[in-house]
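S.K.: One file: work_1.cif (mmCIF, C-alpha atoms).
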data_query
#
loop_
_atom_site.label_atom_id
_atom_site.label_comp_id
_atom_site.auth_asym_id
_atom_site.auth_seq_id
_atom_site.Cartn_x
_atom_site.Cartn_y
_atom_site.Cartn_z
CA MET A 16 8.24 -4.12 44.01
CA LEU A 17 8.97 -1.77 41.13
CA THR A 18 12.32 -0.05 40.94
CA PHE A 19 13.63 2.80 38.82
CA GLU A 20 17.22 1.51 38.84
CA PRO A 21 17.21 0.74 35.07
CA LEU A 22 16.00 4.27 34.37
CA ASP A 23 18.79 5.70 36.56
CA GLN A 24 21.34 3.56 34.73
CA LEU A 25 20.03 4.71 31.36
CA ILE A 26 20.25 8.38 32.36
CA ALA A 27 23.77 7.91 33.77
CA ARG A 28 24.87 6.22 30.56
CA LEU A 29 23.48 9.02 28.39
CA LEU A 30 25.15 11.67 30.55
CA GLY A 31 28.43 9.75 30.27
CA TYR A 32 28.18 9.78 26.48
CA LEU A 33 27.49 13.51 26.47
CA ARG A 34 30.52 14.20 28.68
CA ASN A 35 32.95 12.01 26.74
CA GLU A 36 31.74 12.32 23.12
CA PRO A 37 29.30 15.23 22.91
CA PHE A 38 29.75 15.95 19.20
CA VAL A 39 29.45 12.30 18.21
CA VAL A 40 26.27 11.93 20.27
CA LEU A 41 24.74 15.08 18.79
CA LEU A 42 25.62 13.91 15.28
CA GLU A 43 24.03 10.52 15.90
CA LEU A 44 20.89 12.15 17.31
CA LEU A 45 20.70 14.40 14.26
CA ILE A 46 21.00 11.39 11.94
CA PHE A 47 18.29 9.54 13.86
CA TRP A 48 16.03 12.59 13.70
CA VAL A 49 16.52 12.96 9.95
CA LEU A 50 15.79 9.27 9.36
CA VAL A 51 12.62 9.39 11.46
CA PHE A 52 11.50 12.59 9.71
CA VAL A 53 12.07 11.10 6.26
CA VAL A 54 10.16 7.92 7.15
CA PHE A 55 7.16 9.75 8.59
CA ARG A 56 7.11 12.26 5.72
CA PHE A 57 7.20 9.39 3.24
CA LEU A 58 4.40 7.51 5.01
CA ARG A 59 2.23 10.57 5.61
CA GLY A 60 -1.18 10.10 4.02
CA THR A 61 -0.61 6.41 3.24
CA ARG A 62 -2.29 3.34 4.69
CA GLY A 63 0.98 2.39 6.39
CA ALA A 64 1.06 5.61 8.44
CA ARG A 65 -1.66 4.43 10.82
CA ALA A 66 -0.06 1.01 11.17
CA ILE A 67 3.38 2.36 12.02
CA LYS A 68 1.89 4.72 14.63
CA GLY A 69 0.31 1.75 16.35
CA VAL A 70 3.57 -0.22 16.21
CA VAL A 71 5.58 2.70 17.63
CA VAL A 72 3.12 3.24 20.50
CA LEU A 73 3.14 -0.49 21.31
CA LEU A 74 6.96 -0.70 21.29
CA ILE A 75 7.38 2.42 23.43
CA ALA A 76 4.85 1.26 26.00
CA THR A 77 6.32 -2.24 26.14
CA THR A 78 9.89 -0.96 26.41
CA LEU A 79 8.97 1.38 29.24
CA VAL A 80 7.32 -1.41 31.20
CA ILE A 81 10.00 -4.04 30.57
CA LYS A 82 13.25 -2.09 30.42
CA VAL A 83 12.63 1.02 32.50
CA LEU A 84 10.10 0.16 35.20
CA GLY A 85 11.11 -3.46 35.51
CA SER A 86 14.24 -4.95 37.02
CA GLU A 87 15.81 -8.37 37.18
CA GLY A 88 13.25 -10.85 38.45
CA VAL A 89 10.29 -8.57 37.60
CA PHE A 90 8.08 -9.19 34.57
CA GLU A 91 10.16 -12.25 33.62
CA ARG A 92 7.49 -13.74 31.40
CA LEU A 93 6.76 -10.42 29.70
CA ASN A 94 10.48 -9.89 29.19
CA PHE A 95 10.77 -13.33 27.52
CA VAL A 96 7.88 -12.55 25.17
CA TYR A 97 9.30 -9.09 24.46
CA GLN A 98 12.76 -10.39 23.48
CA ASN A 99 11.31 -12.99 21.12
CA PHE A 100 8.68 -10.61 19.79
CA LEU A 101 11.26 -8.15 18.41
CA GLY A 102 12.77 -10.77 16.14
CA TYR A 103 9.46 -11.76 14.60
CA ALA A 104 8.30 -8.14 14.48
CA SER A 105 11.08 -7.28 12.03
CA LEU A 106 9.79 -9.87 9.57
CA ALA A 107 6.20 -8.77 10.17
CA MET A 108 7.11 -5.15 9.44
CA VAL A 109 8.51 -6.12 6.04
CA ILE A 110 5.25 -7.93 5.20
CA VAL A 111 2.92 -5.21 6.53
CA PHE A 112 4.78 -2.35 4.84
CA GLN A 113 5.50 -4.20 1.59
CA PRO A 114 3.57 -1.66 -0.57
CA GLU A 115 5.37 1.28 1.05
CA LEU A 116 8.78 -0.40 0.71
CA ARG A 117 8.10 -1.15 -2.94
CA ARG A 118 7.04 2.43 -3.53
CA ALA A 119 10.20 3.72 -1.85
CA LEU A 120 12.40 1.54 -4.06
CA VAL A 121 10.48 2.70 -7.13
CA ARG A 122 11.04 6.32 -6.16
CA ILE A 123 14.75 5.76 -5.68
CA GLY A 124 15.10 3.86 -8.95
CA GLU A 125 13.08 6.28 -11.09
CA ALA A 126 14.15 9.59 -9.56
CA ARG A 127 15.20 12.07 -12.23
CA LEU A 128 18.41 13.98 -11.88
CA PHE A 129 17.42 16.94 -14.04
CA ARG A 130 14.24 19.00 -14.17
CA THR A 131 12.71 21.09 -16.89
CA ALA A 132 14.04 24.62 -17.12
CA GLY A 133 12.15 27.32 -15.25
CA LEU A 134 10.57 29.13 -18.19
CA GLN A 135 9.40 25.87 -19.77
CA ARG A 136 7.80 24.69 -16.52
CA ALA A 137 6.15 28.07 -15.98
CA ARG A 138 4.67 27.87 -19.50
CA VAL A 139 3.36 24.38 -18.80
CA ILE A 140 1.73 25.59 -15.57
CA GLU A 141 -0.07 28.38 -17.42
CA GLU A 142 -1.28 26.04 -20.17
CA VAL A 143 -2.64 23.64 -17.55
CA ILE A 144 -4.29 26.50 -15.62
CA SER A 145 -5.95 27.74 -18.81
CA SER A 146 -7.29 24.28 -19.58
CA VAL A 147 -8.52 23.76 -16.02
CA ALA A 148 -10.32 27.12 -16.20
CA TYR A 149 -12.07 26.03 -19.40
CA LEU A 150 -13.02 22.62 -18.01
CA SER A 151 -14.26 24.13 -14.76
CA ARG A 152 -16.30 26.83 -16.50
CA ASN A 153 -18.01 24.27 -18.74
CA LYS A 154 -18.28 21.53 -16.10
CA ILE A 155 -16.20 19.06 -18.05
CA GLY A 156 -14.49 16.37 -16.00
CA GLY A 157 -10.71 16.30 -16.10
CA LEU A 158 -7.83 14.39 -14.49
CA ILE A 159 -4.34 15.79 -15.07
CA VAL A 160 -1.20 14.22 -13.57
CA MET A 161 1.89 16.40 -13.17
CA GLU A 162 4.82 14.00 -12.88
CA ARG A 163 7.67 15.11 -10.63
CA GLU A 164 10.77 13.14 -9.62
CA VAL A 165 9.21 9.68 -9.62
CA GLY A 166 8.68 8.26 -13.09
CA MET A 167 5.40 6.50 -13.88
CA GLU A 168 6.23 4.23 -16.78
CA GLY A 169 4.06 1.51 -15.27
CA VAL A 170 0.82 3.50 -15.55
CA VAL A 171 1.84 5.24 -18.79
CA GLU A 172 2.17 1.92 -20.59
CA ALA A 173 -1.50 1.16 -19.94
CA GLY A 174 -2.64 4.38 -21.66
CA THR A 175 -2.42 5.87 -25.12
CA LYS A 176 0.99 7.42 -25.75
CA LEU A 177 0.93 10.91 -27.24
CA ASP A 178 4.34 12.57 -26.71
CA ALA A 179 2.98 16.03 -27.55
CA VAL A 180 3.79 19.53 -26.32
CA VAL A 181 1.48 20.62 -23.48
CA SER A 182 -1.18 23.04 -24.72
CA GLN A 183 -4.55 24.21 -23.53
CA GLU A 184 -6.17 23.22 -26.81
CA LEU A 185 -4.90 19.64 -26.71
CA LEU A 186 -5.97 19.13 -23.09
CA ASN A 187 -9.43 20.53 -23.82
CA THR A 188 -9.77 18.21 -26.81
CA VAL A 189 -8.74 15.13 -24.83
CA PHE A 190 -11.28 15.80 -22.07
CA TRP A 191 -14.12 16.89 -24.38
CA PRO A 192 -17.21 14.70 -23.70
CA GLY A 193 -17.42 11.96 -26.29
CA SER A 194 -13.67 11.71 -26.72
CA ALA A 195 -12.38 8.17 -26.42
CA LEU A 196 -9.89 9.33 -23.79
CA HIS A 197 -11.95 11.78 -21.75
CA ASP A 198 -12.77 9.46 -18.82
CA MET A 199 -9.17 8.68 -17.91
CA ALA A 200 -6.09 10.66 -16.93
CA VAL A 201 -3.48 12.66 -18.82
CA ILE A 202 0.17 12.32 -17.77
CA ILE A 203 2.41 15.37 -18.14
CA ARG A 204 6.17 14.91 -17.91
CA GLY A 205 8.21 18.06 -18.19
CA GLU A 206 6.72 20.09 -21.03
CA ARG A 207 5.12 17.17 -22.86
CA ILE A 208 1.94 15.14 -22.57
CA VAL A 209 3.33 11.61 -22.62
CA ALA A 210 0.03 9.71 -22.45
CA ALA A 211 -3.74 10.06 -22.24
CA GLY A 212 -6.52 7.65 -21.37
CA VAL A 213 -4.44 6.37 -18.44
CA GLN A 214 -6.14 4.26 -15.77
CA LEU A 215 -4.94 5.26 -12.30
CA PRO A 216 -5.02 3.10 -9.14
CA LEU A 217 -8.07 3.84 -7.00
CA ALA A 218 -7.79 4.69 -3.31
CA GLU A 219 -9.83 2.54 -0.95
CA ALA A 220 -13.38 3.91 -0.79
CA GLU A 221 -13.85 3.46 2.96
CA GLN A 222 -11.04 5.92 3.73
CA PHE A 223 -12.80 8.91 2.18
CA SER A 224 -16.15 10.61 1.89
CA SER A 225 -18.78 8.73 -0.11
CA GLU A 226 -19.37 11.83 -2.21
CA LEU A 227 -15.98 11.48 -3.89
CA GLY A 228 -16.23 10.03 -7.38
CA SER A 229 -13.86 7.77 -9.28
CA ARG A 230 -11.74 10.68 -10.53
CA HIS A 231 -11.03 11.92 -7.02
CA ARG A 232 -10.32 8.41 -5.75
CA ALA A 233 -7.96 7.81 -8.68
CA ALA A 234 -6.15 11.07 -7.95
CA ILE A 235 -5.67 10.15 -4.29
CA GLY A 236 -4.67 6.60 -5.19
CA LEU A 237 -1.87 7.73 -7.50
CA SER A 238 -0.68 10.40 -5.08
CA GLN A 239 -0.32 7.69 -2.41
CA GLU A 240 2.02 5.72 -4.66
CA SER A 241 4.09 8.53 -6.19
CA ASP A 242 5.09 12.15 -5.66
CA ALA A 243 2.93 13.35 -8.57
CA MET A 244 0.51 16.26 -8.26
CA VAL A 245 -2.92 15.27 -9.62
CA ILE A 246 -5.49 17.89 -10.65
CA VAL A 247 -9.17 16.94 -10.67
CA VAL A 248 -12.02 18.90 -12.25
CA SER A 249 -15.45 17.69 -11.17
CA GLU A 250 -17.88 16.93 -13.98
CA GLU A 251 -20.90 17.58 -11.72
CA THR A 252 -19.89 20.86 -10.08
CA GLY A 253 -16.84 22.12 -11.96
CA THR A 254 -14.89 22.43 -8.69
CA ILE A 255 -11.11 22.07 -8.78
CA SER A 256 -9.19 19.74 -6.46
CA LEU A 257 -5.54 18.80 -6.07
CA ALA A 258 -4.18 15.50 -4.72
CA GLU A 259 -0.65 15.33 -3.37
CA ARG A 260 0.99 12.66 -1.18
CA GLY A 261 -2.33 11.07 -0.28
CA ARG A 262 -4.08 14.35 0.63
CA LEU A 263 -6.89 15.94 -1.35
CA ILE A 264 -7.33 19.73 -1.34
CA ARG A 265 -10.81 20.60 -2.61
CA ASN A 266 -12.54 23.73 -3.91
CA LEU A 267 -9.36 25.41 -5.13
CA SER A 268 -9.46 28.68 -7.02
CA LEU A 269 -7.28 29.08 -10.09
CA ASP A 270 -4.93 31.31 -8.12
CA GLY A 271 -4.77 28.69 -5.39
CA LEU A 272 -4.03 25.96 -7.92
CA ARG A 273 -1.35 28.08 -9.56
CA THR A 274 0.31 28.73 -6.20
CA ALA A 275 0.26 25.01 -5.35
CA LEU A 276 1.73 24.02 -8.72
CA VAL A 277 4.46 26.65 -8.56
CA ARG A 278 5.37 25.48 -5.07
CA GLY A 279 5.18 21.80 -5.87
CA LEU A 280 7.00 21.97 -9.17
CA GLY A 281 9.69 24.29 -7.81
CA GLU A 282 9.21 27.17 -10.19
CA VAL A 283 8.63 30.91 -9.87
CA ALA A 284 5.96 32.01 -12.31
CA ALA A 285 6.01 35.68 -11.30
CA GLY A 286 5.53 38.06 -14.14
CA ILE A 287 3.51 35.65 -16.26
CA PRO A 288 0.14 37.17 -17.14
CA ASN A 289 -2.89 35.45 -15.68
CA GLY A 290 -5.18 36.43 -18.50
CA ASP A 291 -8.92 36.16 -18.06
CA ASN A 292 -8.85 32.60 -16.83
CA ASP A 293 -9.20 33.52 -13.18
CA LYS A 294 -12.78 34.56 -13.82
CA ALA A 295 -13.71 30.91 -14.13
CA ALA A 296 -14.06 28.28 -11.43
#
Render the structure in this file as structure tokens.
M.R.:
Amino acid sequence: MLTFEPLDQLIARLLGYLRNEPFVVLLELLIFWVLVFVVFRFLRGTRGARAIKGVVVLLIATTLVIKVLGSEGVFERLNFVYQNFLGYASLAMVIVFQPELRRALVRIGEARLFRTAGLQRARVIEEVISSVAYLSRNKIGGLIVMEREVGMEGVVEAGTKLDAVVSQELLNTVFWPGSALHDMAVIIRGERIVAAGVQLPLAEAEQFSSELGSRHRAAIGLSQESDAMVIVVSEETGTISLAERGRLIRNLSLDGLRTALVRGLGEVAAGIPNGDNDKAA
């Protein structure tokens, strides 16, 4: 016969904590909430997000059955499996989420303490927007990576290092059909183009629409492994897309792209003239 005595004990214990140490309990709950929020925000859009949802649902359901609905002498065999399962599950979690854990450590280790000044970043945004407008208007494929806090030395090393000031003319030249570097990505760090002809990691094809080409898959793949914002210009249609944290926003206008870059790069570009570029795309 099922009993709710464990549930009553749990509620009584929580109420006792709230009566005796209300501020400590609230502080602990806040810390738990922040940790859970950070983990889910970090995993959002990654392959590990679906796995951790399944693990959480399984643990909650099992805990409810074993610890809340059950009592001593009830579900003994399930309780034995549950207690031993938690120990092995910890090791399994490390193995399953190895790519996400590695990415988290990379982010922590390569995080930059200082960002480019506001006016410099606003100028870079406008140069990129101008180039994207040109590429879109002429249906020239482009793949532009805007590096943020997480450094990408690993992928930069595989490309051709440039270390040049960001300009519309240079970006247009790199992506011009026939250029040796036009099929790959450009990496922008601060106000400089650090590398071109960079091969990006591809996202798994089965996760996305079959109509997405290699540029879009590369943009999503890199955004899953870093906090970079990746701009894609389609060679077939000239449409503009933006990949960020594993999500792809398609069919952006130039104004929409500008708004996303200003938001994502933390700058206010108000007062900077838009020019005639918004007529494209």
S.K.: Restricting the calculation to all atoms listed in the file, which member of A:Ile246, A:Leu41, A:Leu272, A:Leu257 is positioned closest to A:Ile159?
M.R.: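 Closest to A:Ile159 of all the choices is A:Ile246.
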S.K.: Closest to A:Leu237 among A:Lys176, A:Arg138, A:Lys154, A:Arg260, using only C-alpha atoms?
M.R.: A:Arg260
S.K.: Quick check on the file I pasted: which residues fall under the PyMOL selection byres ((chain A and resi 275-280) around 9)? Write them as a ChimeraX atom specification.
M.R.: /A:136-137,140,161,163,244,257,270-274,281-284
S.K.: Between atom CA of A:Val54 and atom CA of A:Gly166, what is the distance, to one decimal in Å?
M.R.: 20.3 Å
S.K.: Using all atoms listed in the file, determine which residues lie at most 6 Å from A:Leu267, disregarding the query and same-chain residues fewer than 2 positions distant; provide the list as number ranges by chain.
M.R.: A: 255-256, 265, 271
S.K.: Kindly give the distance, in Å, that separates atom CA of A:Val209 and atom CA of A:Val171, rounded to a single decimal.
M.R.: 7.6 Å
S.K.: Do you know which residues are at most 8 Å from A:Glu206 counting only C-alpha atoms, after dropping those on the same chain fewer than 6 positions away, and could you put them as a list in words?
M.R.: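 Final neighbour list, sorted by chain and number: Thr131, Gln135, Arg136, Val139, Val180 and Val181 of chain A.
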S.K.: Create the file for the chosen residues now, containing C-alpha atoms and written as a CSV table (one decimal), keeping the file's coordinate frame.
M.R.:
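To be explicit, this is the file written out as result_24.csv:
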chain,number,residue,atom,x,y,z
A,131,THR,CA,12.7,21.1,-16.9
A,135,GLN,CA,9.4,25.9,-19.8
A,136,ARG,CA,7.8,24.7,-16.5
A,139,VAL,CA,3.4,24.4,-18.8
A,180,VAL,CA,3.8,19.5,-26.3
A,181,VAL,CA,1.5,20.6,-23.5
S.K.: Given 4 Å of margin on each side, can you work out the centre and size in Å (one decimal) of an axis-aligned box holding every listed atom of stretch 71-80 of chain A, as AutoDock Vina command-line options?
M.R.:
--center_x 6.5 --center_y 0.5 --center_z 24.4 --size_x 14.8 --size_y 13.5 --size_z 21.6
S.K.: Ranking A:Ile264, A:Val143, A:Leu269, A:Leu73 by minimum distance to A:Leu186 and counting all atoms listed in the file, which one comes first?
M.R.: A:Val143
S.K.: Step by step: start from the point (-2.5, 10.0, -20.6) in the file's coordinates, keep every protein, DNA or RNA residue that has an atom no farther than 10 Å from it, count all atoms listed in the file, and write the set as a list in words.
M.R.: Leu158, Ile159, Val160, Val170, Val171, Glu172, Ala173, Gly174, Thr175, Lys176, Leu177, Asp178, Val189, Leu196, His197, Met199, Ala200, Val201, Ile202, Ile203, Ile208, Val209, Ala210, Ala211, Gly212, Val213, Gln214 and Leu215 of chain A
S.K.: What does the distance from atom CA of A:Val71 to atom CA of A:Leu106 come to in Å, to one decimal?
M.R.: 15.5 Å
S.K.: With distances taken over only C-alpha atoms, which residue among A:Gly156, A:Trp48, A:Glu168, A:Ser194 lies nearest A:Ser229?
M.R.: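 Of A:Gly156, A:Trp48, A:Glu168, A:Ser194, the one nearest A:Ser229, counting only C-alpha atoms, is A:Gly156.
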S.K.: Check the smallest atom-to-atom distance from each of A:Gly253, A:Gly69, A:Gly228, A:Gly205 to A:Ala179 using only C-alpha atoms, then report the winner.
M.R.: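 Among the listed residues, A:Gly205 lies closest to A:Ala179.
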S.K.: Decode the PyMOL selection byres ((chain A and resi 238) around 12) for the given file into explicit residues and return them as a PyMOL selection string.
M.R.: chain A and resi 57-61+118+159-163+165+167+215-218+231-237+239-246+257-263
